[in-house]
Structure formats: C-alpha cells, structure tokens
$ cat coords_26.cif   # mmCIF, C-alpha atoms
data_model
#
loop_
_atom_site.group_PDB
_atom_site.id
_atom_site.type_symbol
_atom_site.label_atom_id
_atom_site.label_comp_id
_atom_site.auth_asym_id
_atom_site.auth_seq_id
_atom_site.Cartn_x
_atom_site.Cartn_y
_atom_site.Cartn_z
ATOM 1 C CA MET A 1 -6.711 -4.497 19.695
ATOM 2 C CA GLN A 2 -8.202 -1.578 17.829
ATOM 3 C CA SER A 3 -9.824 -2.811 14.638
ATOM 4 C CA PHE A 4 -8.749 -1.885 11.148
ATOM 5 C CA PHE A 5 -12.263 -0.571 10.533
ATOM 6 C CA GLN A 6 -12.088 1.769 13.560
ATOM 7 C CA GLU A 7 -8.768 3.221 12.402
ATOM 8 C CA THR A 8 -9.773 3.710 8.775
ATOM 9 C CA ASN A 9 -13.414 4.705 9.187
ATOM 10 C CA LYS A 10 -12.669 8.366 9.884
ATOM 11 C CA PRO A 11 -11.857 11.486 7.818
ATOM 12 C CA ASP A 12 -8.945 10.574 5.563
ATOM 13 C CA HIS A 13 -6.484 13.130 7.001
ATOM 14 C CA LYS A 14 -7.073 11.652 10.468
ATOM 15 C CA ILE A 15 -6.158 8.099 9.463
ATOM 16 C CA ASN A 16 -2.837 7.126 11.044
ATOM 17 C CA LEU A 17 -1.202 5.392 8.095
ATOM 18 C CA ALA A 18 1.470 3.600 10.131
ATOM 19 C CA LYS A 19 -0.998 2.448 12.769
ATOM 20 C CA ALA A 20 -3.505 1.178 10.199
ATOM 21 C CA SER A 21 -0.711 -0.700 8.374
ATOM 22 C CA LEU A 22 0.443 -2.279 11.642
ATOM 23 C CA ILE A 23 -3.122 -3.236 12.600
ATOM 24 C CA TYR A 24 -3.532 -5.274 9.424
ATOM 25 C CA ALA A 25 -0.024 -6.714 9.894
ATOM 26 C CA LYS A 26 -1.088 -7.946 13.331
ATOM 27 C CA TYR A 27 -3.549 -10.358 11.694
ATOM 28 C CA GLN A 28 -0.519 -12.075 10.143
ATOM 29 C CA TYR A 29 1.843 -11.452 13.091
ATOM 30 C CA PRO A 30 -0.355 -11.631 16.224
ATOM 31 C CA ARG A 31 2.558 -10.992 18.607
ATOM 32 C CA LEU A 32 3.668 -7.692 17.103
ATOM 33 C CA ASP A 33 3.418 -4.713 19.440
ATOM 34 C CA ILE A 34 1.974 -1.777 17.487
ATOM 35 C CA GLN A 35 3.205 0.817 19.997
ATOM 36 C CA ASP A 36 6.782 -0.514 19.772
ATOM 37 C CA TYR A 37 6.878 0.087 16.022
ATOM 38 C CA LEU A 38 5.259 3.522 16.304
ATOM 39 C CA MET A 39 7.910 4.384 18.902
ATOM 40 C CA THR A 40 10.636 3.199 16.500
ATOM 41 C CA LEU A 41 9.332 5.705 13.936
ATOM 42 C CA ASP A 42 9.303 8.407 16.651
ATOM 43 C CA ILE A 43 12.951 7.673 17.545
ATOM 44 C CA ILE A 44 14.100 7.692 13.898
ATOM 45 C CA SER A 45 12.287 11.005 13.343
ATOM 46 C CA GLN A 46 13.817 12.573 16.469
ATOM 47 C CA ARG A 47 17.335 11.655 15.362
ATOM 48 C CA ILE A 48 16.727 13.191 11.938
ATOM 49 C CA LYS A 49 15.275 16.305 13.609
ATOM 50 C CA ASP A 50 18.421 16.624 15.767
ATOM 51 C CA GLU A 51 20.590 16.382 12.649
ATOM 52 C CA LEU A 52 18.541 18.941 10.714
ATOM 53 C CA GLY A 53 19.258 21.847 13.034
ATOM 54 C CA LYS A 54 17.399 25.123 12.724
ATOM 55 C CA GLU A 55 17.831 26.041 9.067
ATOM 56 C CA VAL A 56 15.237 23.900 7.296
ATOM 57 C CA TYR A 57 14.270 23.909 3.614
ATOM 58 C CA PRO A 58 12.736 21.111 1.464
ATOM 59 C CA LEU A 59 15.875 19.777 -0.214
ATOM 60 C CA LYS A 60 17.778 19.740 3.069
ATOM 61 C CA VAL A 61 15.002 17.799 4.802
ATOM 62 C CA ILE A 62 14.864 15.203 2.003
ATOM 63 C CA LYS A 63 18.656 14.810 1.897
ATOM 64 C CA THR A 64 18.831 14.460 5.697
ATOM 65 C CA ILE A 65 16.058 11.835 5.779
ATOM 66 C CA ASN A 66 17.780 10.000 2.905
ATOM 67 C CA LYS A 67 21.159 10.019 4.630
ATOM 68 C CA TYR A 68 19.834 8.659 7.912
ATOM 69 C CA LEU A 69 17.309 6.188 6.502
ATOM 70 C CA PHE A 70 19.373 4.699 3.678
ATOM 71 C CA LYS A 71 23.027 5.323 4.546
ATOM 72 C CA GLU A 72 22.987 5.006 8.342
ATOM 73 C CA LEU A 73 20.088 2.605 8.951
ATOM 74 C CA GLY A 74 20.492 0.725 5.653
ATOM 75 C CA PHE A 75 16.879 0.690 4.407
ATOM 76 C CA LYS A 76 16.629 -0.467 0.799
ATOM 77 C CA GLY A 77 14.243 -1.713 -1.868
ATOM 78 C CA ASN A 78 13.875 -5.491 -1.992
ATOM 79 C CA LYS A 79 14.870 -6.046 -5.604
ATOM 80 C CA ASP A 80 15.848 -9.707 -5.071
ATOM 81 C CA ASN A 81 12.532 -10.926 -3.661
ATOM 82 C CA TYR A 82 10.016 -8.258 -4.689
ATOM 83 C CA TYR A 83 6.933 -10.486 -4.287
ATOM 84 C CA ASP A 84 7.716 -11.697 -0.773
ATOM 85 C CA PRO A 85 4.527 -10.940 1.239
ATOM 86 C CA ASP A 86 6.692 -9.571 4.066
ATOM 87 C CA ASN A 87 7.453 -6.569 1.839
ATOM 88 C CA SER A 88 3.831 -5.509 2.391
ATOM 89 C CA TYR A 89 3.835 -5.817 6.203
ATOM 90 C CA LEU A 90 5.178 -2.672 7.857
ATOM 91 C CA ASN A 91 6.611 -4.469 10.915
ATOM 92 C CA GLN A 92 8.663 -6.739 8.656
ATOM 93 C CA VAL A 93 9.847 -3.826 6.525
ATOM 94 C CA ILE A 94 11.024 -2.004 9.674
ATOM 95 C CA ASP A 95 12.682 -5.149 11.074
ATOM 96 C CA LYS A 96 14.362 -6.289 7.852
ATOM 97 C CA LYS A 97 14.935 -2.747 6.503
ATOM 98 C CA THR A 98 13.745 -3.872 3.058
ATOM 99 C CA GLY A 99 10.453 -3.344 1.277
ATOM 100 C CA ILE A 100 8.653 -2.397 -1.905
ATOM 101 C CA PRO A 101 8.032 1.201 -3.075
ATOM 102 C CA ILE A 102 4.744 1.693 -1.227
ATOM 103 C CA THR A 103 5.731 0.315 2.195
ATOM 104 C CA LEU A 104 9.062 2.172 2.189
ATOM 105 C CA SER A 105 7.089 5.277 1.184
ATOM 106 C CA VAL A 106 4.756 4.841 4.166
ATOM 107 C CA ILE A 107 7.775 4.860 6.494
ATOM 108 C CA TYR A 108 9.120 7.987 4.753
ATOM 109 C CA LEU A 109 5.718 9.734 4.886
ATOM 110 C CA GLU A 110 5.397 8.949 8.596
ATOM 111 C CA ILE A 111 8.866 10.339 9.325
ATOM 112 C CA ALA A 112 8.128 13.484 7.278
ATOM 113 C CA LYS A 113 4.850 13.953 9.206
ATOM 114 C CA ARG A 114 6.740 13.807 12.511
ATOM 115 C CA LEU A 115 9.157 16.449 11.190
ATOM 116 C CA ASP A 116 6.244 18.771 10.302
ATOM 117 C CA PHE A 117 7.312 18.422 6.672
ATOM 118 C CA PRO A 118 4.096 17.412 4.870
ATOM 119 C CA MET A 119 4.516 14.921 2.027
ATOM 120 C CA VAL A 120 1.968 13.027 -0.077
ATOM 121 C CA GLY A 121 1.857 9.699 -1.889
ATOM 122 C CA ILE A 122 1.846 9.605 -5.688
ATOM 123 C CA GLY A 123 0.230 6.455 -7.094
ATOM 124 C CA MET A 124 2.003 6.416 -10.426
ATOM 125 C CA PRO A 125 1.196 3.248 -12.453
ATOM 126 C CA GLY A 126 3.656 0.475 -11.659
ATOM 127 C CA HIS A 127 5.701 2.510 -9.196
ATOM 128 C CA PHE A 128 4.828 4.443 -6.041
ATOM 129 C CA LEU A 129 6.494 7.810 -5.382
ATOM 130 C CA ILE A 130 6.093 10.621 -2.851
ATOM 131 C CA ARG A 131 6.553 14.386 -2.993
ATOM 132 C CA PRO A 132 6.506 17.385 -0.657
ATOM 133 C CA GLU A 133 2.994 18.792 -0.245
ATOM 134 C CA PHE A 134 3.777 22.259 -1.571
ATOM 135 C CA GLU A 135 2.269 24.071 -4.546
ATOM 136 C CA ASN A 136 4.311 23.568 -7.752
ATOM 137 C CA VAL A 137 7.178 21.938 -5.865
ATOM 138 C CA GLY A 138 8.223 20.043 -9.016
ATOM 139 C CA ILE A 139 10.232 17.286 -7.301
ATOM 140 C CA PHE A 140 9.401 13.685 -6.446
ATOM 141 C CA VAL A 141 11.161 11.155 -4.224
ATOM 142 C CA ASP A 142 11.675 7.529 -5.238
ATOM 143 C CA VAL A 143 11.986 5.813 -1.863
ATOM 144 C CA PHE A 144 12.562 2.385 -3.450
ATOM 145 C CA ASN A 145 15.744 3.747 -5.013
ATOM 146 C CA GLN A 146 17.382 5.244 -1.917
ATOM 147 C CA GLY A 147 15.311 8.435 -1.962
ATOM 148 C CA GLU A 148 16.382 9.405 -5.481
ATOM 149 C CA ILE A 149 15.079 12.883 -6.350
ATOM 150 C CA LEU A 150 13.134 12.980 -9.615
ATOM 151 C CA PHE A 151 11.671 15.692 -11.811
ATOM 152 C CA LYS A 152 8.589 15.254 -14.002
ATOM 153 C CA GLU A 153 10.718 14.214 -17.003
ATOM 154 C CA ASP A 154 12.408 11.528 -14.859
ATOM 155 C CA CYS A 155 8.981 10.129 -13.923
ATOM 156 C CA GLU A 156 8.195 9.656 -17.617
ATOM 157 C CA LEU A 157 11.520 7.876 -18.147
ATOM 158 C CA LYS A 158 10.775 5.692 -15.127
ATOM 159 C CA LEU A 159 7.435 4.659 -16.694
ATOM 160 C CA LYS A 160 9.151 3.755 -19.985
ATOM 161 C CA GLU A 161 11.687 1.705 -18.027
ATOM 162 C CA ILE A 162 8.965 -0.168 -16.092
ATOM 163 C CA TYR A 163 6.749 -0.947 -19.098
ATOM 164 C CA GLN A 164 9.567 -1.352 -21.635
ATOM 165 C CA GLN A 165 7.779 0.886 -24.142
ATOM 166 C CA PRO A 166 7.166 4.609 -24.701
ATOM 167 C CA ILE A 167 4.440 5.837 -22.346
ATOM 168 C CA THR A 168 3.160 9.402 -22.201
ATOM 169 C CA LEU A 169 3.068 10.729 -18.666
ATOM 170 C CA GLU A 170 -0.519 11.826 -18.124
ATOM 171 C CA GLU A 171 -1.202 14.534 -15.557
ATOM 172 C CA HIS A 172 -3.361 12.296 -13.354
ATOM 173 C CA PHE A 173 -0.477 9.814 -12.962
ATOM 174 C CA LEU A 174 1.120 12.324 -10.592
ATOM 175 C CA THR A 175 -2.007 13.222 -8.610
ATOM 176 C CA PRO A 176 -1.659 12.736 -4.826
ATOM 177 C CA VAL A 177 -3.524 9.766 -3.385
ATOM 178 C CA SER A 178 -5.441 9.528 -0.109
ATOM 179 C CA ASN A 179 -4.462 7.459 2.932
ATOM 180 C CA GLN A 180 -7.318 5.086 2.119
ATOM 181 C CA GLN A 181 -5.987 4.635 -1.415
ATOM 182 C CA ILE A 182 -2.480 3.935 -0.087
ATOM 183 C CA LEU A 183 -3.807 1.255 2.270
ATOM 184 C CA GLY A 184 -5.954 -0.135 -0.553
ATOM 185 C CA ARG A 185 -2.939 -0.411 -2.840
ATOM 186 C CA MET A 186 -0.878 -2.146 -0.131
ATOM 187 C CA LEU A 187 -3.634 -4.664 0.534
ATOM 188 C CA THR A 188 -4.252 -5.234 -3.189
ATOM 189 C CA ASN A 189 -0.555 -6.083 -3.624
ATOM 190 C CA LEU A 190 -0.924 -8.693 -0.871
ATOM 191 C CA LYS A 191 -4.156 -10.018 -2.342
ATOM 192 C CA TYR A 192 -2.492 -10.867 -5.661
ATOM 193 C CA ILE A 193 0.630 -12.276 -3.985
ATOM 194 C CA TYR A 194 -1.566 -14.701 -2.016
ATOM 195 C CA LEU A 195 -3.589 -15.492 -5.154
ATOM 196 C CA ASN A 196 -0.416 -16.434 -7.050
ATOM 197 C CA ARG A 197 0.730 -18.557 -4.097
ATOM 198 C CA GLN A 198 -2.752 -20.136 -3.878
ATOM 199 C CA GLU A 199 -2.892 -19.176 -0.189
ATOM 200 C CA TYR A 200 -6.642 -18.684 -0.318
ATOM 201 C CA PRO A 201 -7.479 -18.266 3.413
ATOM 202 C CA LYS A 202 -4.913 -15.438 3.635
ATOM 203 C CA MET A 203 -6.268 -13.914 0.443
ATOM 204 C CA LEU A 204 -9.772 -14.061 1.899
ATOM 205 C CA ARG A 205 -8.632 -12.146 4.999
ATOM 206 C CA ILE A 206 -7.107 -9.434 2.793
ATOM 207 C CA ILE A 207 -10.328 -9.094 0.748
ATOM 208 C CA GLU A 208 -12.278 -8.707 4.019
ATOM 209 C CA LEU A 209 -9.958 -5.813 4.958
ATOM 210 C CA LEU A 210 -10.388 -4.246 1.510
ATOM 211 C CA LEU A 211 -14.153 -4.409 1.957
ATOM 212 C CA GLN A 212 -13.790 -2.631 5.301
ATOM 213 C CA LEU A 213 -11.955 0.128 3.437
ATOM 214 C CA PHE A 214 -14.283 0.175 0.427
ATOM 215 C CA PRO A 215 -17.667 -1.279 1.460
ATOM 216 C CA ASN A 216 -19.718 -2.880 -1.334
ATOM 217 C CA HIS A 217 -16.889 -2.584 -3.856
ATOM 218 C CA PRO A 218 -18.286 -4.844 -6.610
ATOM 219 C CA LEU A 219 -14.965 -6.335 -7.749
ATOM 220 C CA GLU A 220 -13.947 -7.247 -4.197
ATOM 221 C CA ILE A 221 -17.379 -8.811 -3.615
ATOM 222 C CA ARG A 222 -16.987 -10.787 -6.857
ATOM 223 C CA ASP A 223 -13.477 -11.928 -5.935
ATOM 224 C CA ARG A 224 -14.601 -12.970 -2.462
ATOM 225 C CA GLY A 225 -17.450 -14.927 -4.059
ATOM 226 C CA LEU A 226 -15.058 -16.669 -6.461
ATOM 227 C CA LEU A 227 -12.765 -17.437 -3.539
ATOM 228 C CA TYR A 228 -15.645 -18.967 -1.571
ATOM 229 C CA TYR A 229 -16.426 -21.003 -4.701
ATOM 230 C CA GLN A 230 -12.786 -22.184 -4.797
ATOM 231 C CA LEU A 231 -13.050 -23.082 -1.083
ATOM 232 C CA ARG A 232 -16.328 -24.951 -1.787
ATOM 233 C CA GLN A 233 -18.343 -22.658 0.488
ATOM 234 C CA TRP A 234 -21.318 -22.692 -1.880
ATOM 235 C CA GLU A 235 -23.776 -20.631 0.157
ATOM 236 C CA LYS A 236 -21.387 -17.753 0.758
ATOM 237 C CA ALA A 237 -20.200 -17.900 -2.858
ATOM 238 C CA THR A 238 -23.800 -17.702 -4.102
ATOM 239 C CA THR A 239 -24.611 -14.706 -1.877
ATOM 240 C CA ASP A 240 -21.565 -12.718 -3.049
ATOM 241 C CA LEU A 241 -21.873 -13.560 -6.740
ATOM 242 C CA GLN A 242 -25.587 -12.707 -6.780
ATOM 243 C CA LEU A 243 -24.803 -9.406 -5.029
ATOM 244 C CA TYR A 244 -22.106 -8.680 -7.631
ATOM 245 C CA LEU A 245 -24.592 -9.238 -10.466
ATOM 246 C CA SER A 246 -27.198 -7.047 -8.764
ATOM 247 C CA ILE A 247 -24.636 -4.187 -8.642
ATOM 248 C CA LEU A 248 -23.168 -4.768 -12.128
ATOM 249 C CA PRO A 249 -25.744 -6.782 -14.124
ATOM 250 C CA THR A 250 -24.110 -5.939 -17.466
ATOM 251 C CA ALA A 251 -20.500 -6.524 -16.403
ATOM 252 C CA GLU A 252 -18.271 -8.087 -19.034
ATOM 253 C CA ASP A 253 -17.868 -11.236 -16.951
ATOM 254 C CA ALA A 254 -21.579 -11.436 -15.978
ATOM 255 C CA PRO A 255 -22.278 -14.461 -18.286
ATOM 256 C CA THR A 256 -19.390 -16.390 -16.672
ATOM 257 C CA ILE A 257 -20.613 -15.522 -13.166
ATOM 258 C CA ARG A 258 -24.162 -16.637 -14.068
ATOM 259 C CA GLN A 259 -22.735 -19.915 -15.371
ATOM 260 C CA ILE A 260 -20.907 -20.492 -12.061
ATOM 261 C CA LEU A 261 -24.112 -19.761 -10.133
ATOM 262 C CA GLN A 262 -25.969 -22.235 -12.344
ATOM 263 C CA GLN A 263 -23.370 -24.921 -11.640
ATOM 264 C CA MET A 264 -23.728 -24.386 -7.877
ATOM 265 C CA ARG A 265 -27.504 -24.775 -8.089
#
$ encode --input "coords_26.cif" --output "structure tokens"
Amino acid sequence: MQSFFQETNKPDHKINLAKASLIYAKYQYPRLDIQDYLMTLDIISQRIKDELGKEVYPLKVIKTINKYLFKELGFKGNKDNYYDPDNSYLNQVIDKKTGIPITLSVIYLEIAKRLDFPMVGIGMPGHFLIRPEFENVGIFVDVFNQGEILFKEDCELKLKEIYQQPITLEEHFLTPVSNQQILGRMLTNLKYIYLNRQEYPKMLRIIELLLQLFPNHPLEIRDRGLLYYQLRQWEKATTDLQLYLSILPTAEDAPTIRQILQQMR
C-alpha cells in the first residue's frame, strides 16, 4: 500500500485528495480497495459528463452535479450523527452517502476535477464550502446542504447561524485552502472525535498522520506527548514534551508541561 507520506509529500497541486483520504481510511478499514473507490468517482463523473452535453457554463455544471449527486444518488449531510467518525472516512461517506461538509466537499471537488471544472475548498470557520476556481466568480457551494449556491452575504448569514451571534465576515475566511490544509482539517476533526470518545490509540494514529503532513508541528508534538503520558508511555511522553518546550519555551501552557515532566521524573 502506498503510504500517506508518499502521497502527500509532493507539490500541493499534485496531491490526489481522494487517494490520500482513502489511504488514511485504510488504516481504519484495512480491507478497503482504494482503486474501487477511485473508480466509483470516475463512473459518477462520467455520468454527469454525459448529462452535461456540449454547452457548459459554471452554473450549469454545478446544477448538473447537484442533481445527480443529491437527487439521483441521494448524498446528504449527516445532521443526525454529525460526530460519527465514519463521516470523516471517504470510503464510508461514499458507501453510506452521508458525511460532514468537508468530506462531501472532497467528493464534489474530485468530481469537478474529472469534469475539467476546477473548484477549490474554502475553509470558512465552522463550515467548509467550495467554489469554482475563477477570478471574481462570486458564488460558493454548500455541499452539506445539497449543493446550495451561496453569495458572499449568505456566507456571513451562515456564520451568524453557526455561532448564534453577529460575526463579521473577514476576507480571509473565504480564502481558498490547499490540499494539505483540507487533509489536515479532516484529520483534526477525527482527532477530536477520538479524544472525546477516549479512543486514545486511534487518536495517536491520527496525530502520527498529522505529523506526516506537518512535520515538527509543535501543538501536534505536544498532544502526542500528552497522549503518551495518558497511555503511561513515560519515555515517549518525555521526549515529545521536551521537544515541544524546546520549540515553544514561552508557550502559555509551558509551566503545566514542565510540571508534568517533573512528575514523570
């Protein structure tokens, strides 16, 4: 099996988002066949391409993808069980046809790529969107809500709805994110789901993948160290927590980390 590191350690535009997502899913689902799922995306894309015909323009492409993906195939946002870890594994999202904003967006982005209709991810706080990769296109797609088409003003309303308070839409909220950032956000979702479920070995595996994406990221090193501490692996915990302090000696939580190190000694 090709490793997650091999797939993601290349120029960002060359990272195959679907393949990388399926590689990390294979750690949880060892029997999944990556090529089968990539072929499923190829078949879906071909059917949409057949339906599109020759006259192609952005709104028509989006409406045609929406119709096939949500009306005919029945993909939808998992609003009933949002924090189910399966919502973050692409094979499960394809099989169950339910997911969270970011995994459904990955499927949509992969279909758009196969249609030669470039789209990008938008890592808005609290809610992931996508948009066509054209200058001043002005529209966004909310894949979690059946491919709803949004304008900038709608994005601000969406933020207010999520946070239950007035929030000013800052320009950088709508900046496109890289493939690495998308994978990082998917894995971070899983990390906190496993933390809340106290499934520490699974959480540890996710942190290892995050550190393959972002080597020497101090907060991931700290969290891995704290996890080793929780798992009573004192030597590994000490190594990571000392490394964290060497990178961020004046971090806000540095006194707490030093106290933990002292206890282990």
$ residues_around --input "coords_26.cif" --residues "stretch 179-194 of chain A" --least-positions-apart "5" --cutoff "6 Å" --atoms "all atoms listed in the file" --output "ChimeraX atom specification"
/A:199,203,206
$ closest_residue --input "coords_26.cif" --among "A:Gln263, A:Ser45, A:Thr256, A:Asn136" --to "A:Asn66" --atoms "all atoms listed in the file"
A:Ser45
$ atom_distance --input "coords_26.cif" --atom1 "atom CA of A:Ser88" --atom2 "atom CA of A:Ser21"
8.9 Å
$ resolve_selection --input "coords_26.cif" --expression "the PyMOL selection byres ((chain A and resi 25) around 10)" --output "list in words"
Lys19, Ala20, Ser21, Leu22, Ile23, Tyr24, Lys26, Tyr27, Gln28, Tyr29, Pro30, Leu32, Ile34, Asp86, Ser88, Tyr89, Leu90, Asn91 and Gln92 of chain A
$ residues_near_point --input "coords_26.cif" --point "(11.2, -0.7, 6.9)" --cutoff "8 Å" --atoms "all atoms listed in the file" --output "VMD selection string"
chain A and resid 75 90 to 99 103 to 104 107
$ resolve_selection --input "coords_26.cif" --expression "the PyMOL selection byres ((chain A and resi 114) around 9)" --output "number ranges by chain"
A: 41-42, 45-46, 49, 109-113, 115-118
$ closest_atom_pairs --input "coords_26.cif" --of "stretch 171-260 of chain A" --to "stretch 153-166 of chain A" --cutoff "12 Å" --atoms "only C-alpha atoms" --output "CSV"
residue,atom,partner,partner_atom,distance
A:Glu171,CA,A:Glu156,CA,10.8
A:Phe173,CA,A:Cys155,CA,9.5
A:Leu174,CA,A:Cys155,CA,8.8
$ closest_residue --input "coords_26.cif" --among "A:Lys202, A:Gly74, A:Leu243, A:Val177" --to "A:Asp12" --atoms "only C-alpha atoms"
A:Val177
$ atom_distance --input "coords_26.cif" --atom1 "atom CA of A:Thr64" --atom2 "atom CA of A:Phe134"
18.4 Å
$ atom_distance --input "coords_26.cif" --atom1 "atom CA of A:Gly147" --atom2 "atom CA of A:Phe70"
7.9 Å
$ closest_residue --input "coords_26.cif" --among "A:Met119, A:Ile43, A:Ile102, A:Ile207" --to "A:Arg224" --atoms "all atoms listed in the file"
A:Ile207
$ closest_residue --input "coords_26.cif" --among "A:Gly121, A:Val143, A:Leu52, A:Thr168" --to "A:Asn78" --atoms "only C-alpha atoms"
A:Val143
$ resolve_selection --input "coords_26.cif" --expression "the PyMOL selection byres ((chain A and resi 151) around 9)" --output "VMD selection string"
chain A and resid 138 to 141 149 to 150 152 to 155
$ write_last_selection --input "coords_26.cif" --atoms "C-alpha atoms" --output "compact mmCIF listing (two decimals), keeping the file's coordinate frame"
# COMPACT_ATOMS: atom_id res chain seq x y z
CA GLY A 138 8.22 20.04 -9.02
CA ILE A 139 10.23 17.29 -7.30
CA PHE A 140 9.40 13.68 -6.45
CA VAL A 141 11.16 11.16 -4.22
CA ILE A 149 15.08 12.88 -6.35
CA LEU A 150 13.13 12.98 -9.62
CA LYS A 152 8.59 15.25 -14.00
CA GLU A 153 10.72 14.21 -17.00
CA ASP A 154 12.41 11.53 -14.86
CA CYS A 155 8.98 10.13 -13.92
